[in-house]
2 protein chains.
Amino acid sequence: MPFTLVIHGGAGNITPAIMDSELERQYTQGLKDALDKGYDVLKGSGTALDAVVAAISVLEDNPLFNAGRGSVFTKKGINEMDAAIMDGSNLAAGAVAGVRHIKNPIALAREIMEHSGHVFLSGSGAAEFALNRGMEMTPDEYFFNQSRYDQWVEIRDTNFTQLDHKGDNLKGAVLPNPGHKFGTVGAVACDMMGNIAGGTSTGGMTNKRFGRIGDSPVIGSGTYANNATCAISCTGHGEYFLRAVVAHDISCLMEYRGLSLSDACNVVIKDKLVKMGGEGGLIAVDANNNFDFCFNSAGMYRGMRNSEGKELVAFYGA
Amino acid sequence: MPFTLVIHGGAGNITPAIMDSELERQYTQGLKDALDKGYDVLKGSGTALDAVVAAISVLEDNPLFNAGRGSVFTKKGINEMDAAIMDGSNLAAGAVAGVRHIKNPIALAREIMEHSGHVFLSGSGAAEFALNRGMEMTPDEYFFNQSRYDQWVEIRDTNFTQLDHKGDNLKGAVLPNPGHKFGTVGAVACDMMGNIAGGTSTGGMTNKRFGRIGDSPVIGSGTYANNATCAISCTGHGEYFLRAVVAHDISCLMEYRGLSLSDACNVVIKDKLVKMGGEGGLIAVDANNNFDFCFNSAGMYRGMRNSEGKELVAFYGA
């Protein structure tokens, strides 16, 4: 039986100009590690849900990516993370926003889905739930990363917030370090049983404040999965993805208009979102193992591996 | 030019058996007060957005309704509120989750939409933003309400959470006070310019914990507005509304399938949501001043008033 895994490590102004061969090697390895872990789950008849958690956990543990261990710093110099997961076989969902000290927020999102009686938990309350469930907690030091810290120090006394996916900010001024392109991470999978699932995890924006929540943990916007249509994980300027309800819009274009997975992704990312001014991208899979990478930014860290032996890792636009 | 205002004060197990003539009089007056305030805005050529904020603020200030002043108590004995607003003319949106001490959360949602550069803020960070913007803050005492407090005391030592809309809870056991039916509040409006807007505000579930966020503040699930389709405000068992992305699903059925407002509402609330096991309802309006009340529960506190002189306040099922 066929299966497919697709992952991303953030979209944005990712061009050869901001990379070098060592960085390319590191990102390639990071993406491959995640693909291999999720692939092994699917190959061993594991569920799409298990593969999504496995792949995202690898990306969360890798300081290269803005999620889990590599999360950026908020205005207050701490790491607050968001994550969501959805099971396309039964529309079960779990999400967490603004949580600290959680080693793998995607695992917490799944725990919320399966054991909280709720869908969406937040802040210190979500951490309390994680403690109750015996989840792995880590001290602030675990999340410390010199380059993320330096990135924050440069803008902490401003009111600027740096998007994970491009070198500018919400106030319109150019930041000192346009070379720093960090990203949300995500995975979508179709397993041997034909079930699909999707998940997303992020540290949000550097210097974010006011308990800002982006699209990543919002079911329908940054994350969605439904066996009847598609599983989606988004990355980009979250505010636009929230307003456009991106992930669910793609699902509806497939369900109600009969569009193919890739046509639906193109309509939303390359037409509707562009008209709104929203930059970013997504990964998608359907229950027939069709998959898509779609982004309107210069590039997106991305990869896929499937049962047909196809494997791909890429950064830049086509 | 025609205009329309529709409001709700929560759906659920609302039947003549749990009401008496004095309660009916109070709810009728509370809904009428909100309708009148919003109607005056629209009649004076105000925007749908202004009318939605005006009507919801009246409901938030009324201790009868579970929002603002009348918010229920969390597991820790405090009041944490959620709200969202969306402008159908430009898809601008603002939302807030888990905020304390804010007199009118719907006004904060609008302030977030217009002045934060973000869509979704949460917790103490959101309160900090409100302070920065000079919004009206109130002490805990303002939110104290004996009947809400008693309701909480009865279940605070359990792990039960009481939904705002029915007398049971997420663990399946029956609560001592099935007669307490409290609700989320919401408003949708179409103004003389043909623009529509929607908003929702809630205190959530009694004895909620872990920073639980329901559908109310989630754009696409509890709240949505788009001039091309509809403005929606939901009330009910939030977890199901989140998983079903209810408000945006109705919009997509109109946009992609060409369904009428009321047909789209019926498909989602009376078919799809029922099959998932989700109880609740919504109010809806489109840019042609069509409006709808739709619920799969026994009743919904609701009302409407429009430029044709039509006015309605009702509680129970048809």
# chains A, B, ... in the order shown; residues from 1 in each chain; ligands from 1

$ residues_around --residues "Ile283 in chain A" --least-positions-apart "6" --cutoff "10 Å" --atoms "only C-alpha atoms" --output "PyMOL selection string"
chain A and resi 5-8+186-189+198+231-235+247+265+291-295+300+302-304

$ interface_residues --of "chain B" --to "chain A" --cutoff "7 Å" --atoms "only C-alpha atoms" --output "JSON, numbers by chain"
{"B": [91, 92, 93, 117, 118, 119, 120, 121, 122, 123, 125, 126, 128, 129, 170, 209, 210, 211, 212, 213, 214, 219, 220, 239, 242, 243, 245, 252, 253, 256, 257]}

$ atom_distance --atom1 "CA of Lys43 in chain A" --atom2 "CA of Ile250 in chain A"
27.8 Å

$ select_by_dssp --residues "range 3-249 of chain B" --states "strand (DSSP E)" --output "CSV table (one decimal) with all heavy atoms, in the first residue's frame"
chain,number,residue,atom,x,y,z
B,4,THR,N,-29.7,45.5,8.7
B,4,THR,CA,-30.2,44.4,9.5
B,4,THR,C,-29.2,44.1,10.7
B,4,THR,O,-28.0,44.2,10.5
B,4,THR,CB,-30.3,43.1,8.7
B,4,THR,OG1,-31.2,43.4,7.6
B,4,THR,CG2,-30.9,42.0,9.5
B,5,LEU,N,-29.8,43.9,11.8
B,5,LEU,CA,-29.0,43.5,13.0
B,5,LEU,C,-29.5,42.2,13.6
B,5,LEU,O,-30.8,42.1,13.7
B,5,LEU,CB,-29.0,44.6,14.1
B,5,LEU,CG,-28.3,44.2,15.4
B,5,LEU,CD1,-26.8,44.2,15.2
B,5,LEU,CD2,-28.6,45.3,16.4
B,6,VAL,N,-28.7,41.2,13.8
B,6,VAL,CA,-29.1,39.9,14.4
B,6,VAL,C,-28.2,39.7,15.6
B,6,VAL,O,-27.0,39.9,15.5
B,6,VAL,CB,-29.0,38.8,13.4
B,6,VAL,CG1,-29.7,37.5,14.0
B,6,VAL,CG2,-29.6,39.2,12.1
B,7,ILE,N,-28.7,39.2,16.7
B,7,ILE,CA,-27.9,38.9,17.9
B,7,ILE,C,-28.3,37.6,18.5
B,7,ILE,O,-29.3,37.0,18.3
B,7,ILE,CB,-28.1,40.0,19.0
B,7,ILE,CG1,-29.5,40.1,19.5
B,7,ILE,CG2,-27.7,41.4,18.5
B,7,ILE,CD1,-29.7,41.0,20.7
B,8,HIS,N,-27.3,37.0,19.3
B,8,HIS,CA,-27.7,35.9,20.1
B,8,HIS,C,-27.1,36.0,21.5
B,8,HIS,O,-26.1,36.8,21.7
B,8,HIS,CB,-27.2,34.6,19.5
B,8,HIS,CG,-25.8,34.3,19.5
B,8,HIS,ND1,-25.1,33.9,20.6
B,8,HIS,CD2,-24.8,34.5,18.5
B,8,HIS,CE1,-23.8,33.8,20.3
B,8,HIS,NE2,-23.6,34.1,19.1
B,9,GLY,N,-27.7,35.3,22.5
B,9,GLY,CA,-27.2,35.3,23.8
B,9,GLY,C,-26.9,33.9,24.3
B,9,GLY,O,-26.9,33.6,25.5
B,10,GLY,N,-26.6,33.0,23.3
B,10,GLY,CA,-26.2,31.6,23.7
B,10,GLY,C,-27.3,30.6,23.3
B,10,GLY,O,-28.5,30.9,23.3
B,11,ALA,N,-26.9,29.4,22.8
B,11,ALA,CA,-27.8,28.4,22.5
B,11,ALA,C,-27.7,27.3,23.5
B,11,ALA,O,-26.7,27.2,24.3
B,11,ALA,CB,-27.5,27.8,21.1
B,12,GLY,N,-28.6,26.3,23.5
B,12,GLY,CA,-28.5,25.2,24.5
B,12,GLY,C,-29.8,24.7,24.8
B,12,GLY,O,-30.8,24.8,24.1
B,81,MET,N,-11.8,35.8,29.6
B,81,MET,CA,-12.8,36.0,28.5
B,81,MET,C,-12.1,35.9,27.1
B,81,MET,O,-10.9,36.2,26.9
B,81,MET,CB,-13.4,37.4,28.7
B,81,MET,CG,-14.1,37.5,30.0
B,81,MET,SD,-14.6,39.2,30.5
B,81,MET,CE,-13.0,39.8,30.9
B,82,ASP,N,-13.0,35.5,26.1
B,82,ASP,CA,-12.5,35.4,24.7
B,82,ASP,C,-13.5,36.3,23.9
B,82,ASP,O,-14.7,36.4,24.2
B,82,ASP,CB,-12.7,34.0,24.2
B,82,ASP,CG,-11.9,33.0,25.1
B,82,ASP,OD1,-10.9,33.4,25.7
B,82,ASP,OD2,-12.3,31.8,25.1
B,83,ALA,N,-13.0,36.9,22.8
B,83,ALA,CA,-13.8,37.6,21.9
B,83,ALA,C,-13.2,37.7,20.5
B,83,ALA,O,-11.9,37.6,20.4
B,83,ALA,CB,-14.1,39.0,22.4
B,84,ALA,N,-14.0,37.9,19.5
B,84,ALA,CA,-13.4,38.1,18.1
B,84,ALA,C,-14.4,39.0,17.3
B,84,ALA,O,-15.6,39.0,17.6
B,84,ALA,CB,-13.3,36.8,17.4
B,85,ILE,N,-13.8,39.7,16.3
B,85,ILE,CA,-14.6,40.5,15.4
B,85,ILE,C,-14.0,40.4,14.1
B,85,ILE,O,-12.8,40.2,13.9
B,85,ILE,CB,-14.7,41.9,15.9
B,85,ILE,CG1,-15.8,42.7,15.2
B,85,ILE,CG2,-13.3,42.7,15.8
B,85,ILE,CD1,-16.2,44.0,16.0
B,86,MET,N,-14.9,40.5,13.0
B,86,MET,CA,-14.4,40.5,11.7
B,86,MET,C,-15.2,41.4,10.8
B,86,MET,O,-16.4,41.5,10.9
B,86,MET,CB,-14.4,39.0,11.1
B,86,MET,CG,-13.7,38.9,9.7
B,86,MET,SD,-13.2,37.2,9.4
B,86,MET,CE,-12.3,37.4,7.9
B,87,ASP,N,-14.5,42.1,9.9
B,87,ASP,CA,-15.1,43.1,9.0
B,87,ASP,C,-15.2,42.5,7.6
B,87,ASP,O,-14.1,42.3,7.0
B,87,ASP,CB,-14.2,44.4,9.0
B,87,ASP,CG,-14.7,45.5,8.2
B,87,ASP,OD1,-15.6,45.2,7.3
B,87,ASP,OD2,-14.2,46.6,8.3
B,92,ALA,N,-10.6,42.2,7.5
B,92,ALA,CA,-9.8,42.5,8.7
B,92,ALA,C,-10.4,41.7,9.9
B,92,ALA,O,-11.7,41.5,9.9
B,92,ALA,CB,-9.8,44.0,9.0
B,93,ALA,N,-9.6,41.3,10.8
B,93,ALA,CA,-10.1,40.6,12.0
B,93,ALA,C,-9.3,40.8,13.2
B,93,ALA,O,-8.1,41.2,13.1
B,93,ALA,CB,-10.1,39.1,11.6
B,94,GLY,N,-9.9,40.7,14.4
B,94,GLY,CA,-9.2,40.9,15.6
B,94,GLY,C,-9.8,39.9,16.6
B,94,GLY,O,-11.0,39.6,16.6
B,95,ALA,N,-8.9,39.3,17.5
B,95,ALA,CA,-9.4,38.3,18.4
B,95,ALA,C,-8.6,38.3,19.7
B,95,ALA,O,-7.4,38.7,19.6
B,95,ALA,CB,-9.4,36.9,17.8
B,96,VAL,N,-9.2,37.9,20.8
B,96,VAL,CA,-8.5,37.9,22.0
B,96,VAL,C,-8.9,36.6,22.8
B,96,VAL,O,-10.1,36.3,22.8
B,96,VAL,CB,-8.7,39.2,22.8
B,96,VAL,CG1,-10.1,39.4,23.1
B,96,VAL,CG2,-7.8,39.1,24.1
B,97,ALA,N,-8.0,36.0,23.5
B,97,ALA,CA,-8.3,34.8,24.2
B,97,ALA,C,-7.7,34.8,25.6
B,97,ALA,O,-6.6,35.4,25.8
B,97,ALA,CB,-7.8,33.5,23.5
B,98,GLY,N,-8.5,34.4,26.6
B,98,GLY,CA,-8.0,34.3,28.0
B,98,GLY,C,-7.6,35.6,28.6
B,98,GLY,O,-6.6,35.6,29.3
B,99,VAL,N,-8.4,36.6,28.4
B,99,VAL,CA,-8.0,37.9,28.9
B,99,VAL,C,-8.8,38.2,30.2
B,99,VAL,O,-10.0,37.8,30.3
B,99,VAL,CB,-8.2,39.0,27.8
B,99,VAL,CG1,-9.6,39.4,27.7
B,99,VAL,CG2,-7.3,40.2,28.1
B,120,PHE,N,-4.6,38.0,16.5
B,120,PHE,CA,-5.0,37.2,17.7
B,120,PHE,C,-4.0,37.4,18.8
B,120,PHE,O,-2.8,37.0,18.7
B,120,PHE,CB,-5.0,35.8,17.2
B,120,PHE,CG,-5.8,34.8,18.0
B,120,PHE,CD1,-5.9,33.4,17.6
B,120,PHE,CD2,-6.5,35.2,19.2
B,120,PHE,CE1,-6.6,32.5,18.4
B,120,PHE,CE2,-7.2,34.3,19.9
B,120,PHE,CZ,-7.3,32.9,19.5
B,121,LEU,N,-4.4,38.0,19.9
B,121,LEU,CA,-3.6,38.1,21.1
B,121,LEU,C,-4.2,37.3,22.2
B,121,LEU,O,-5.4,37.0,22.2
B,121,LEU,CB,-3.5,39.6,21.5
B,121,LEU,CG,-3.0,40.6,20.4
B,121,LEU,CD1,-2.8,42.0,21.0
B,121,LEU,CD2,-1.6,40.1,19.9
B,122,SER,N,-3.4,37.0,23.2
B,122,SER,CA,-3.9,36.2,24.3
B,122,SER,C,-3.3,36.6,25.7
B,122,SER,O,-2.3,37.2,25.8
B,122,SER,CB,-3.5,34.7,24.0
B,122,SER,OG,-2.1,34.6,24.0
B,185,VAL,N,-22.3,35.4,23.7
B,185,VAL,CA,-23.1,36.4,23.0
B,185,VAL,C,-22.5,36.7,21.6
B,185,VAL,O,-21.3,36.5,21.4
B,185,VAL,CB,-23.3,37.7,23.8
B,185,VAL,CG1,-23.8,37.3,25.2
B,185,VAL,CG2,-22.0,38.5,23.9
B,186,GLY,N,-23.3,37.2,20.7
B,186,GLY,CA,-22.8,37.5,19.4
B,186,GLY,C,-23.7,38.4,18.7
B,186,GLY,O,-24.9,38.6,19.0
B,187,ALA,N,-23.2,39.1,17.6
B,187,ALA,CA,-24.0,39.9,16.8
B,187,ALA,C,-23.4,39.9,15.3
B,187,ALA,O,-22.2,39.8,15.2
B,187,ALA,CB,-24.0,41.4,17.3
B,188,VAL,N,-24.3,40.0,14.4
B,188,VAL,CA,-23.9,40.2,13.0
B,188,VAL,C,-24.8,41.3,12.4
B,188,VAL,O,-25.9,41.4,12.8
B,188,VAL,CB,-24.1,38.9,12.2
B,188,VAL,CG1,-23.1,37.8,12.7
B,188,VAL,CG2,-25.5,38.4,12.2
B,189,ALA,N,-24.3,42.0,11.5
B,189,ALA,CA,-25.0,43.2,11.0
B,189,ALA,C,-24.7,43.4,9.5
B,189,ALA,O,-23.6,43.1,9.0
B,189,ALA,CB,-24.7,44.4,11.8
B,190,CYS,N,-25.7,44.0,8.8
B,190,CYS,CA,-25.5,44.5,7.4
B,190,CYS,C,-25.9,46.0,7.5
B,190,CYS,O,-27.0,46.3,7.9
B,190,CYS,CB,-26.4,43.7,6.5
B,190,CYS,SG,-26.3,44.3,4.8
B,196,ILE,N,-21.0,44.0,5.7
B,196,ILE,CA,-21.4,43.1,6.9
B,196,ILE,C,-20.2,42.9,7.8
B,196,ILE,O,-19.0,43.0,7.5
B,196,ILE,CB,-22.0,41.8,6.4
B,196,ILE,CG1,-20.9,41.0,5.6
B,196,ILE,CG2,-23.2,42.0,5.6
B,196,ILE,CD1,-21.4,39.6,5.2
B,197,ALA,N,-20.5,42.6,9.1
B,197,ALA,CA,-19.5,42.3,10.1
B,197,ALA,C,-20.1,41.3,11.1
B,197,ALA,O,-21.4,41.2,11.2
B,197,ALA,CB,-19.1,43.6,10.8
B,198,GLY,N,-19.2,40.6,11.8
B,198,GLY,CA,-19.7,39.7,12.9
B,198,GLY,C,-18.8,39.7,14.1
B,198,GLY,O,-17.6,40.0,13.9
B,199,GLY,N,-19.3,39.4,15.2
B,199,GLY,CA,-18.5,39.4,16.4
B,199,GLY,C,-19.1,38.4,17.5
B,199,GLY,O,-20.3,38.1,17.4
B,200,THR,N,-18.2,37.9,18.3
B,200,THR,CA,-18.6,37.0,19.4
B,200,THR,C,-17.8,37.3,20.6
B,200,THR,O,-16.7,37.7,20.6
B,200,THR,CB,-18.3,35.5,18.9
B,200,THR,OG1,-18.8,35.4,17.5
B,200,THR,CG2,-18.9,34.5,19.8
B,201,SER,N,-18.5,37.0,21.8
B,201,SER,CA,-17.8,37.3,23.1
B,201,SER,C,-18.3,36.3,24.1
B,201,SER,O,-19.5,35.9,24.1
B,201,SER,CB,-18.1,38.7,23.5
B,201,SER,OG,-17.4,39.0,24.8
B,202,THR,N,-17.4,35.8,24.9
B,202,THR,CA,-17.8,34.7,25.9
B,202,THR,C,-16.9,34.7,27.1
B,202,THR,O,-15.7,35.1,27.0
B,202,THR,CB,-17.8,33.3,25.2
B,202,THR,OG1,-18.3,32.4,26.1
B,202,THR,CG2,-16.4,32.9,24.8
B,223,THR,N,-16.4,32.8,14.6
B,223,THR,CA,-16.7,34.1,14.0
B,223,THR,C,-16.1,34.2,12.6
B,223,THR,O,-15.0,33.8,12.4
B,223,THR,CB,-15.9,35.2,14.9
B,223,THR,OG1,-16.4,35.0,16.3
B,223,THR,CG2,-16.2,36.6,14.5
B,224,TYR,N,-16.9,34.8,11.7
B,224,TYR,CA,-16.3,35.1,10.4
B,224,TYR,C,-17.2,36.1,9.7
B,224,TYR,O,-18.4,36.2,10.0
B,224,TYR,CB,-16.3,33.7,9.5
B,224,TYR,CG,-15.7,33.9,8.2
B,224,TYR,CD1,-14.3,34.0,8.1
B,224,TYR,CD2,-16.4,34.0,7.0
B,224,TYR,CE1,-13.6,34.2,6.9
B,224,TYR,CE2,-15.8,34.1,5.8
B,224,TYR,CZ,-14.4,34.3,5.8
B,224,TYR,OH,-13.8,34.4,4.6
B,225,ALA,N,-16.6,36.9,8.8
B,225,ALA,CA,-17.4,37.8,8.0
B,225,ALA,C,-16.7,38.1,6.6
B,225,ALA,O,-15.5,38.2,6.6
B,225,ALA,CB,-17.6,39.1,8.7
B,231,ALA,N,-21.8,37.0,7.3
B,231,ALA,CA,-21.2,37.2,8.6
B,231,ALA,C,-21.9,36.2,9.6
B,231,ALA,O,-23.1,36.1,9.6
B,231,ALA,CB,-21.4,38.6,9.1
B,232,ILE,N,-21.1,35.6,10.4
B,232,ILE,CA,-21.5,34.5,11.3
B,232,ILE,C,-21.0,34.7,12.7
B,232,ILE,O,-19.9,35.0,12.9
B,232,ILE,CB,-21.0,33.1,10.7
B,232,ILE,CG1,-21.4,32.9,9.3
B,232,ILE,CG2,-21.4,32.0,11.7
B,232,ILE,CD1,-22.8,32.3,9.1
B,233,SER,N,-21.9,34.4,13.7
B,233,SER,CA,-21.4,34.3,15.1
B,233,SER,C,-22.0,33.0,15.7
B,233,SER,O,-23.2,32.9,15.6
B,233,SER,CB,-21.8,35.5,15.9
B,233,SER,OG,-21.6,35.3,17.3
B,234,CYS,N,-21.2,32.2,16.2
B,234,CYS,CA,-21.6,30.9,16.7
B,234,CYS,C,-21.7,30.8,18.2
B,234,CYS,O,-21.1,31.6,18.9
B,234,CYS,CB,-20.6,29.8,16.2
B,234,CYS,SG,-20.5,29.6,14.5
B,235,THR,N,-22.4,29.8,18.7
B,235,THR,CA,-22.5,29.5,20.1
B,235,THR,C,-22.8,28.1,20.3
B,235,THR,O,-23.6,27.5,19.6
B,235,THR,CB,-23.6,30.3,20.8
B,235,THR,OG1,-23.9,29.8,22.1
B,235,THR,CG2,-24.9,30.3,20.0
B,236,GLY,N,-22.1,27.4,21.2
B,236,GLY,CA,-22.4,26.0,21.4
B,236,GLY,C,-21.1,25.3,22.0
B,236,GLY,O,-20.3,25.9,22.7

$ select_by_dssp --residues "range 48-270 of chain B" --states "alpha helix (DSSP H)" --output "MDAnalysis selection string"
chainID B and resid 48:61 105:115 123:132 140:143 146:155 238:244 246:257 261:266

$ atom_distance --atom1 "CA of Asn159 in chain B" --atom2 "CA of Tyr301 in chain B"
28.1 Å

$ decode --residues "range 292-306 of chain A" --atoms "N, CA, C and O atoms" --output "CSV table (one decimal), in the first residue's frame"
chain,number,residue,atom,x,y,z
A,292,ASP,N,1.6,18.2,-2.6
A,292,ASP,CA,1.9,19.5,-3.3
A,292,ASP,C,2.7,20.4,-2.3
A,292,ASP,O,2.5,20.3,-1.1
A,293,PHE,N,3.7,21.1,-2.9
A,293,PHE,CA,4.4,22.2,-2.2
A,293,PHE,C,3.8,23.4,-2.9
A,293,PHE,O,3.8,23.5,-4.1
A,294,CYS,N,3.5,24.5,-2.2
A,294,CYS,CA,2.9,25.6,-2.8
A,294,CYS,C,3.4,26.9,-2.0
A,294,CYS,O,3.1,26.9,-0.8
A,295,PHE,N,4.0,27.8,-2.7
A,295,PHE,CA,4.4,29.1,-1.9
A,295,PHE,C,4.5,30.2,-2.9
A,295,PHE,O,4.8,30.1,-4.1
A,296,ASN,N,4.2,31.4,-2.3
A,296,ASN,CA,4.3,32.6,-3.2
A,296,ASN,C,5.5,33.5,-2.7
A,296,ASN,O,5.7,34.6,-3.2
A,297,SER,N,6.4,32.9,-1.9
A,297,SER,CA,7.6,33.6,-1.4
A,297,SER,C,8.8,33.1,-2.3
A,297,SER,O,8.6,32.2,-3.1
A,298,ALA,N,10.0,33.6,-2.0
A,298,ALA,CA,11.1,33.2,-2.9
A,298,ALA,C,11.4,31.7,-2.7
A,298,ALA,O,11.8,31.1,-3.6
A,299,GLY,N,11.2,31.2,-1.5
A,299,GLY,CA,11.6,29.8,-1.3
A,299,GLY,C,10.8,29.2,-0.1
A,299,GLY,O,10.1,29.9,0.6
A,300,MET,N,11.0,28.0,0.1
A,300,MET,CA,10.5,27.3,1.3
A,300,MET,C,11.3,26.0,1.5
A,300,MET,O,11.6,25.3,0.6
A,301,TYR,N,11.8,25.9,2.7
A,301,TYR,CA,12.5,24.7,3.1
A,301,TYR,C,11.5,23.5,3.1
A,301,TYR,O,10.5,23.6,3.8
A,302,ARG,N,11.8,22.5,2.3
A,302,ARG,CA,10.7,21.5,2.1
A,302,ARG,C,11.3,20.2,1.7
A,302,ARG,O,12.5,20.1,1.2
A,303,GLY,N,10.5,19.1,1.9
A,303,GLY,CA,11.0,17.8,1.5
A,303,GLY,C,9.8,16.8,1.4
A,303,GLY,O,8.7,17.1,2.0
A,304,MET,N,10.0,15.7,0.7
A,304,MET,CA,9.0,14.7,0.6
A,304,MET,C,9.7,13.3,0.4
A,304,MET,O,10.8,13.3,-0.1
A,305,ARG,N,9.0,12.3,0.9
A,305,ARG,CA,9.5,10.9,0.6
A,305,ARG,C,8.3,10.0,0.6
A,305,ARG,O,7.4,10.1,1.5
A,306,ASN,N,8.2,9.1,-0.4
A,306,ASN,CA,7.0,8.2,-0.4
A,306,ASN,C,7.4,6.8,-0.7
A,306,ASN,O,8.6,6.4,-0.9
